[in-house]
Structures are given as structure tokens and as C-alpha cells.
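Visitor: Sharing a structure below in C-alpha cells format, with a few things to ask.
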Amino acid sequence: MEALKAFPTFDPGLLGNSDDSGWLIGSLQHQPWTYWFTSVTICRLNLTECHQLSLTYLSSPYSIFWYWFYTPLAQWGMGGLLASLWLIDKAVLGLVRKFRRRMLFPYIVGSMLFFKLWPHDMLIFWLLIGAFYFWPLLIAAPLVKLPIGAPWSVWQYIFNSPLSIHDQQNWLSYGAMGLFWVAALIVNIRRWRKHG
């Protein structure tokens, strides 16, 4: 399963500034919590009747810690970002293998999902995995996910934009993060009861 992540990671087509998800690299090339505009030319197959479509994105509505982590990794485009995340993921996998083998299968499955579908949430996933070992990360993970300290306009975007919490595609990632958060909480409660 780990090899499946590696193949598209090192795709030469992802080098530079091309971006599978459209908004991720663009967000990391702008100041946190700012809006930026782009346009796309759409044509018929015979390249006639072309028109431009303007898109407005909000640079990712995450915390400043998220920006501090992801911005340096994105300096070489989507390929560099994915390669960096893949390498970090291998280090985290090694720690999971060494310190908590029971977490190995859930980690591999979760890592595959987050890496393939939500690479922008890998940091939060790793924090949630760390929360199984160190309970303060139960608090840190949501603080990195949420744009704490962002201007009110960012929160308005989150609550009002059809591209944010109203987008049903986002709820699968929210559910996965919530599942790992609750599981880590249960593990920590059991540890406290056992030792306390």
C-alpha cells in the first residue's frame, strides 16, 4: 500500500506549479487568509467557442501553524509538496511501527486516504496519530485545522461558502478526522483510568 502512494508522488508532470487540487498550491503562494483570483479558458473539443471562467479562492481557511508547515513544502509545486509529505509519512510510519504496532493497520489505511484524497490535511492526521501517544495533541489537531486568529471574513467564508463546510465532499474528511480524534480520546481516557 505504501508503494501505491509513491508512484504518483514522483510524477514529473507534478513538478513546478501544476496542482491536482487547483486551490492548494495557489493558496500557499498567497498570504494567509487572503482571496485570490484565477481564470480558466474553457473550449469545445474543436477549440472553437472558447470562453474564460473566473474563479475566486480563499487561501486555505486553516491556522497559521498550517501555513508555516505547508508553505516551505510547496516551494517546488505540487510534486515537491507530495514528495515532502511522502517522506515525512515514512518517518511517522517508522515511529508507529516502533512504538505502537497495534496502530499500524489503522495508520496505513488512514495515511493512504489522507495522502490520496486530502494531502492538505496530512499534518492534522499526523497530529491525531500523535494524540494516541500524547494527549495534548488532541487539542493541537483542531487548533491547526481551524483558522484561530483569522479575520472574521475567513469564518464567514467557512460558514457561508458552498466550497467549505457546505460542500458534501468535505464531510468525508471531517468524518475521518473526527473518527481518529474520538479513537485517540478513548485510548487516552483508558490510559488515565488505568494509571490514575
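Each chain of the C-alpha cells is named A, B, ... in the order shown, its residues numbered from 1; ligands are numbered from 1 in display order.
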Let's see if you can do this: from backbone DSSP, list all strand (DSSP E or B) residues in range 26-166 of chain A, as number ranges by chain.

Guide: A: 35-42, 51-58

Visitor: Generate a file of the selected residues that holds all heavy atoms, formatted as a CSV table (one decimal), in the first residue's frame.

Guide:
chain,number,residue,atom,x,y,z
A,35,TYR,N,-7.9,36.5,-0.4
A,35,TYR,CA,-8.6,36.0,-1.5
A,35,TYR,C,-7.7,36.2,-2.7
A,35,TYR,O,-6.9,37.1,-2.8
A,35,TYR,CB,-9.9,36.8,-1.8
A,35,TYR,CG,-11.0,36.4,-0.8
A,35,TYR,CD1,-11.2,37.1,0.4
A,35,TYR,CD2,-11.8,35.3,-1.1
A,35,TYR,CE1,-12.2,36.7,1.3
A,35,TYR,CE2,-12.8,34.9,-0.2
A,35,TYR,CZ,-13.0,35.6,1.0
A,35,TYR,OH,-14.0,35.3,1.9
A,36,TRP,N,-7.8,35.3,-3.7
A,36,TRP,CA,-7.0,35.4,-4.9
A,36,TRP,C,-7.9,34.9,-6.0
A,36,TRP,O,-8.8,34.2,-5.9
A,36,TRP,CB,-5.7,34.7,-4.9
A,36,TRP,CG,-5.7,33.2,-4.5
A,36,TRP,CD1,-5.9,32.7,-3.3
A,36,TRP,CD2,-5.7,32.1,-5.4
A,36,TRP,NE1,-5.9,31.3,-3.3
A,36,TRP,CE2,-5.7,30.9,-4.6
A,36,TRP,CE3,-5.5,32.0,-6.8
A,36,TRP,CZ2,-5.7,29.7,-5.2
A,36,TRP,CZ3,-5.4,30.7,-7.4
A,36,TRP,CH2,-5.5,29.6,-6.6
A,37,PHE,N,-7.6,35.4,-7.2
A,37,PHE,CA,-8.4,35.2,-8.4
A,37,PHE,C,-7.6,34.5,-9.5
A,37,PHE,O,-6.4,34.7,-9.6
A,37,PHE,CB,-9.0,36.5,-8.9
A,37,PHE,CG,-9.6,37.3,-7.9
A,37,PHE,CD1,-9.0,38.3,-7.2
A,37,PHE,CD2,-11.0,37.1,-7.6
A,37,PHE,CE1,-9.6,39.1,-6.2
A,37,PHE,CE2,-11.6,37.8,-6.6
A,37,PHE,CZ,-10.9,38.8,-5.9
A,38,THR,N,-8.3,33.6,-10.2
A,38,THR,CA,-7.6,33.0,-11.3
A,38,THR,C,-8.7,32.8,-12.4
A,38,THR,O,-9.9,33.0,-12.1
A,38,THR,CB,-7.0,31.6,-10.9
A,38,THR,OG1,-6.3,31.1,-12.0
A,38,THR,CG2,-8.1,30.6,-10.5
A,39,SER,N,-8.3,32.5,-13.6
A,39,SER,CA,-9.3,32.3,-14.6
A,39,SER,C,-8.9,31.0,-15.4
A,39,SER,O,-7.7,30.6,-15.5
A,39,SER,CB,-9.4,33.5,-15.6
A,39,SER,OG,-8.1,33.7,-16.2
A,40,VAL,N,-9.8,30.4,-16.0
A,40,VAL,CA,-9.7,29.2,-16.8
A,40,VAL,C,-10.3,29.4,-18.1
A,40,VAL,O,-11.4,29.9,-18.1
A,40,VAL,CB,-10.3,28.0,-16.0
A,40,VAL,CG1,-10.2,26.7,-16.8
A,40,VAL,CG2,-9.7,27.8,-14.6
A,41,THR,N,-9.7,29.0,-19.2
A,41,THR,CA,-10.3,29.0,-20.5
A,41,THR,C,-10.9,27.7,-20.8
A,41,THR,O,-10.3,26.7,-20.7
A,41,THR,CB,-9.2,29.4,-21.6
A,41,THR,OG1,-8.6,30.6,-21.2
A,41,THR,CG2,-9.9,29.5,-22.9
A,42,ILE,N,-12.2,27.7,-21.1
A,42,ILE,CA,-12.9,26.5,-21.5
A,42,ILE,C,-13.3,26.6,-22.9
A,42,ILE,O,-13.9,27.6,-23.4
A,42,ILE,CB,-14.1,26.3,-20.6
A,42,ILE,CG1,-13.7,26.2,-19.1
A,42,ILE,CG2,-15.0,25.1,-21.0
A,42,ILE,CD1,-14.8,26.2,-18.1
A,51,HIS,N,-14.4,30.4,-23.9
A,51,HIS,CA,-14.7,31.5,-23.0
A,51,HIS,C,-13.9,31.3,-21.7
A,51,HIS,O,-13.5,30.2,-21.4
A,51,HIS,CB,-16.2,31.6,-22.8
A,51,HIS,CG,-16.8,30.4,-22.1
A,51,HIS,ND1,-17.1,29.2,-22.7
A,51,HIS,CD2,-17.1,30.2,-20.7
A,51,HIS,CE1,-17.6,28.4,-21.9
A,51,HIS,NE2,-17.6,28.9,-20.6
A,52,GLN,N,-13.7,32.4,-21.0
A,52,GLN,CA,-13.0,32.4,-19.8
A,52,GLN,C,-13.9,32.4,-18.6
A,52,GLN,O,-15.0,33.0,-18.6
A,52,GLN,CB,-12.1,33.6,-19.7
A,52,GLN,CG,-10.9,33.6,-20.6
A,52,GLN,CD,-9.6,34.1,-19.9
A,52,GLN,OE1,-9.5,35.3,-19.8
A,52,GLN,NE2,-8.8,33.2,-19.5
A,53,LEU,N,-13.5,31.6,-17.6
A,53,LEU,CA,-14.3,31.5,-16.4
A,53,LEU,C,-13.4,31.9,-15.3
A,53,LEU,O,-12.3,31.5,-15.1
A,53,LEU,CB,-14.7,30.0,-16.2
A,53,LEU,CG,-15.5,29.6,-15.0
A,53,LEU,CD1,-16.9,30.3,-15.1
A,53,LEU,CD2,-15.6,28.1,-14.8
A,54,SER,N,-13.9,32.9,-14.5
A,54,SER,CA,-13.1,33.4,-13.4
A,54,SER,C,-13.5,32.7,-12.1
A,54,SER,O,-14.6,32.4,-11.9
A,54,SER,CB,-13.4,34.9,-13.2
A,54,SER,OG,-12.9,35.6,-14.3
A,55,LEU,N,-12.5,32.3,-11.3
A,55,LEU,CA,-12.7,31.7,-10.1
A,55,LEU,C,-12.1,32.5,-8.9
A,55,LEU,O,-11.0,33.1,-9.1
A,55,LEU,CB,-12.0,30.3,-10.1
A,55,LEU,CG,-12.5,29.3,-11.2
A,55,LEU,CD1,-11.6,28.1,-11.2
A,55,LEU,CD2,-13.9,28.9,-10.9
A,56,THR,N,-12.7,32.5,-7.8
A,56,THR,CA,-12.2,33.2,-6.6
A,56,THR,C,-12.0,32.1,-5.6
A,56,THR,O,-12.9,31.3,-5.2
A,56,THR,CB,-13.2,34.2,-6.1
A,56,THR,OG1,-13.4,35.1,-7.2
A,56,THR,CG2,-12.6,34.9,-4.9
A,57,TYR,N,-10.8,32.1,-5.0
A,57,TYR,CA,-10.4,31.2,-3.9
A,57,TYR,C,-10.1,32.0,-2.7
A,57,TYR,O,-9.5,33.1,-2.8
A,57,TYR,CB,-9.2,30.3,-4.3
A,57,TYR,CG,-9.5,29.3,-5.3
A,57,TYR,CD1,-9.1,29.5,-6.6
A,57,TYR,CD2,-10.1,28.1,-5.0
A,57,TYR,CE1,-9.3,28.6,-7.6
A,57,TYR,CE2,-10.3,27.1,-6.0
A,57,TYR,CZ,-9.9,27.4,-7.3
A,57,TYR,OH,-10.1,26.4,-8.2
A,58,LEU,N,-10.4,31.4,-1.5
A,58,LEU,CA,-9.8,32.0,-0.3
A,58,LEU,C,-8.6,31.1,0.0
A,58,LEU,O,-8.7,29.9,0.0
A,58,LEU,CB,-10.8,31.9,0.8
A,58,LEU,CG,-10.3,32.1,2.2
A,58,LEU,CD1,-9.9,33.6,2.4
A,58,LEU,CD2,-11.3,31.8,3.3

Visitor: With only C-alpha atoms as the counted atoms, please give the residues lying no more than 12 Å from Gln156 in chain A, apart from itself and same-chain residues fewer than 5 positions off, as an MDAnalysis selection string.

Guide: chainID A and resid 33 58 61 147 150:151 161:165

Visitor: Pull all heavy atoms from the residues just selected and write them as a PDB file, in the first residue's frame.

Guide:
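Just written: part-v1.pdb:
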ATOM      1  N   TRP A  33      -5.069  33.629   4.483  1.00  0.00           N
ATOM      2  CA  TRP A  33      -6.416  34.169   4.648  1.00  0.00           C
ATOM      3  C   TRP A  33      -6.736  35.321   3.701  1.00  0.00           C
ATOM      4  O   TRP A  33      -7.527  36.201   4.020  1.00  0.00           O
ATOM      5  CB  TRP A  33      -6.654  34.590   6.093  1.00  0.00           C
ATOM      6  CG  TRP A  33      -6.298  33.544   7.089  1.00  0.00           C
ATOM      7  CD1 TRP A  33      -6.580  32.208   7.012  1.00  0.00           C
ATOM      8  CD2 TRP A  33      -5.601  33.723   8.311  1.00  0.00           C
ATOM      9  NE1 TRP A  33      -6.102  31.551   8.111  1.00  0.00           N
ATOM     10  CE2 TRP A  33      -5.488  32.464   8.927  1.00  0.00           C
ATOM     11  CE3 TRP A  33      -5.048  34.826   8.957  1.00  0.00           C
ATOM     12  CZ2 TRP A  33      -4.863  32.282  10.152  1.00  0.00           C
ATOM     13  CZ3 TRP A  33      -4.433  34.633  10.167  1.00  0.00           C
ATOM     14  CH2 TRP A  33      -4.336  33.377  10.753  1.00  0.00           C
ATOM     15  N   LEU A  58     -10.351  31.429  -1.541  1.00  0.00           N
ATOM     16  CA  LEU A  58      -9.819  31.959  -0.295  1.00  0.00           C
ATOM     17  C   LEU A  58      -8.609  31.104   0.024  1.00  0.00           C
ATOM     18  O   LEU A  58      -8.700  29.881   0.029  1.00  0.00           O
ATOM     19  CB  LEU A  58     -10.834  31.856   0.838  1.00  0.00           C
ATOM     20  CG  LEU A  58     -10.293  32.146   2.236  1.00  0.00           C
ATOM     21  CD1 LEU A  58      -9.905  33.611   2.359  1.00  0.00           C
ATOM     22  CD2 LEU A  58     -11.290  31.777   3.292  1.00  0.00           C
ATOM     23  N   PRO A  61      -8.531  28.114   4.610  1.00  0.00           N
ATOM     24  CA  PRO A  61      -9.011  28.545   5.936  1.00  0.00           C
ATOM     25  C   PRO A  61      -8.511  27.630   7.053  1.00  0.00           C
ATOM     26  O   PRO A  61      -9.279  26.876   7.658  1.00  0.00           O
ATOM     27  CB  PRO A  61     -10.528  28.501   5.782  1.00  0.00           C
ATOM     28  CG  PRO A  61     -10.769  27.452   4.758  1.00  0.00           C
ATOM     29  CD  PRO A  61      -9.583  27.493   3.825  1.00  0.00           C
ATOM     30  N   PRO A 147      -9.043  28.057  11.646  1.00  0.00           N
ATOM     31  CA  PRO A 147      -8.279  29.296  11.449  1.00  0.00           C
ATOM     32  C   PRO A 147      -8.336  30.224  12.666  1.00  0.00           C
ATOM     33  O   PRO A 147      -8.807  31.361  12.585  1.00  0.00           O
ATOM     34  CB  PRO A 147      -8.948  29.922  10.228  1.00  0.00           C
ATOM     35  CG  PRO A 147     -10.359  29.453  10.307  1.00  0.00           C
ATOM     36  CD  PRO A 147     -10.297  28.067  10.902  1.00  0.00           C
ATOM     37  N   ALA A 150      -7.771  34.129  12.631  1.00  0.00           N
ATOM     38  CA  ALA A 150      -8.044  34.668  11.286  1.00  0.00           C
ATOM     39  C   ALA A 150      -9.089  35.774  11.367  1.00  0.00           C
ATOM     40  O   ALA A 150      -9.872  35.831  12.314  1.00  0.00           O
ATOM     41  CB  ALA A 150      -8.547  33.548  10.378  1.00  0.00           C
ATOM     42  N   PRO A 151      -9.113  36.651  10.377  1.00  0.00           N
ATOM     43  CA  PRO A 151     -10.152  37.690  10.361  1.00  0.00           C
ATOM     44  C   PRO A 151     -11.553  37.084  10.246  1.00  0.00           C
ATOM     45  O   PRO A 151     -11.723  35.948   9.797  1.00  0.00           O
ATOM     46  CB  PRO A 151      -9.829  38.504   9.105  1.00  0.00           C
ATOM     47  CG  PRO A 151      -8.566  37.994   8.560  1.00  0.00           C
ATOM     48  CD  PRO A 151      -8.206  36.736   9.247  1.00  0.00           C
ATOM     49  N   SER A 161     -19.736  29.778   2.403  1.00  0.00           N
ATOM     50  CA  SER A 161     -19.329  29.369   1.066  1.00  0.00           C
ATOM     51  C   SER A 161     -19.784  27.946   0.758  1.00  0.00           C
ATOM     52  O   SER A 161     -19.657  27.045   1.592  1.00  0.00           O
ATOM     53  CB  SER A 161     -17.804  29.447   0.925  1.00  0.00           C
ATOM     54  OG  SER A 161     -17.405  28.861  -0.303  1.00  0.00           O
ATOM     55  N   PRO A 162     -20.269  27.717  -0.453  1.00  0.00           N
ATOM     56  CA  PRO A 162     -20.624  26.345  -0.834  1.00  0.00           C
ATOM     57  C   PRO A 162     -19.387  25.453  -0.995  1.00  0.00           C
ATOM     58  O   PRO A 162     -19.511  24.244  -1.118  1.00  0.00           O
ATOM     59  CB  PRO A 162     -21.361  26.519  -2.166  1.00  0.00           C
ATOM     60  CG  PRO A 162     -20.908  27.832  -2.690  1.00  0.00           C
ATOM     61  CD  PRO A 162     -20.579  28.689  -1.491  1.00  0.00           C
ATOM     62  N   LEU A 163     -18.200  26.042  -0.982  1.00  0.00           N
ATOM     63  CA  LEU A 163     -16.961  25.283  -1.130  1.00  0.00           C
ATOM     64  C   LEU A 163     -16.345  24.878   0.204  1.00  0.00           C
ATOM     65  O   LEU A 163     -15.308  24.236   0.238  1.00  0.00           O
ATOM     66  CB  LEU A 163     -15.928  26.113  -1.913  1.00  0.00           C
ATOM     67  CG  LEU A 163     -16.346  26.537  -3.314  1.00  0.00           C
ATOM     68  CD1 LEU A 163     -15.312  27.459  -3.913  1.00  0.00           C
ATOM     69  CD2 LEU A 163     -16.587  25.322  -4.187  1.00  0.00           C
ATOM     70  N   SER A 164     -16.961  25.245   1.312  1.00  0.00           N
ATOM     71  CA  SER A 164     -16.385  24.949   2.625  1.00  0.00           C
ATOM     72  C   SER A 164     -17.234  23.896   3.347  1.00  0.00           C
ATOM     73  O   SER A 164     -17.429  22.813   2.808  1.00  0.00           O
ATOM     74  CB  SER A 164     -16.259  26.237   3.433  1.00  0.00           C
ATOM     75  OG  SER A 164     -15.472  26.023   4.575  1.00  0.00           O
ATOM     76  N   ILE A 165     -17.742  24.195   4.518  1.00  0.00           N
ATOM     77  CA  ILE A 165     -18.450  23.152   5.281  1.00  0.00           C
ATOM     78  C   ILE A 165     -19.751  22.708   4.620  1.00  0.00           C
ATOM     79  O   ILE A 165     -20.275  21.658   4.956  1.00  0.00           O
ATOM     80  CB  ILE A 165     -18.716  23.562   6.751  1.00  0.00           C
ATOM     81  CG1 ILE A 165     -19.625  24.771   6.841  1.00  0.00           C
ATOM     82  CG2 ILE A 165     -17.431  23.774   7.496  1.00  0.00           C
ATOM     83  CD1 ILE A 165     -20.090  25.059   8.259  1.00  0.00           C
TER      84      ILE A 165
END

Visitor: One decimal, in Å: what's the spacing between CA of Lys90 in chain A and CA of Met122 in chain A?

Guide: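 Separation of CA of Lys90 in chain A and CA of Met122 in chain A: 12.3 Å.
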
Visitor: With distances taken over only C-alpha atoms, which of A:Trp76, A:Tyr107, A:Phe180, A:Phe65 is nearest to Lys145 in chain A?

Guide: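 So, comparing all the options, the nearest one is A:Phe65.
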
Visitor: Determine the nearest neighbour of Ala131 in chain A from the options A:Ser63, A:Asn188, A:Gln29, A:Thr34, counting only C-alpha atoms.

Guide: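 Ranked by minimum distance to Ala131 in chain A, first place goes to A:Asn188.
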
Visitor: Going by DSSP on the backbone, which residues of range 95-151 of chain A come out as helix (DSSP H, G or I)? List them as a PyMOL selection string.

Guide: chain A and resi 95-99+101-117+119-131+137-145

Visitor: In terms of the shortest atom-to-atom distance over only C-alpha atoms, which of A:Leu172, A:Leu87, A:Leu127, A:Gly94 is closest to Ala184 in chain A?

Guide: A:Leu127
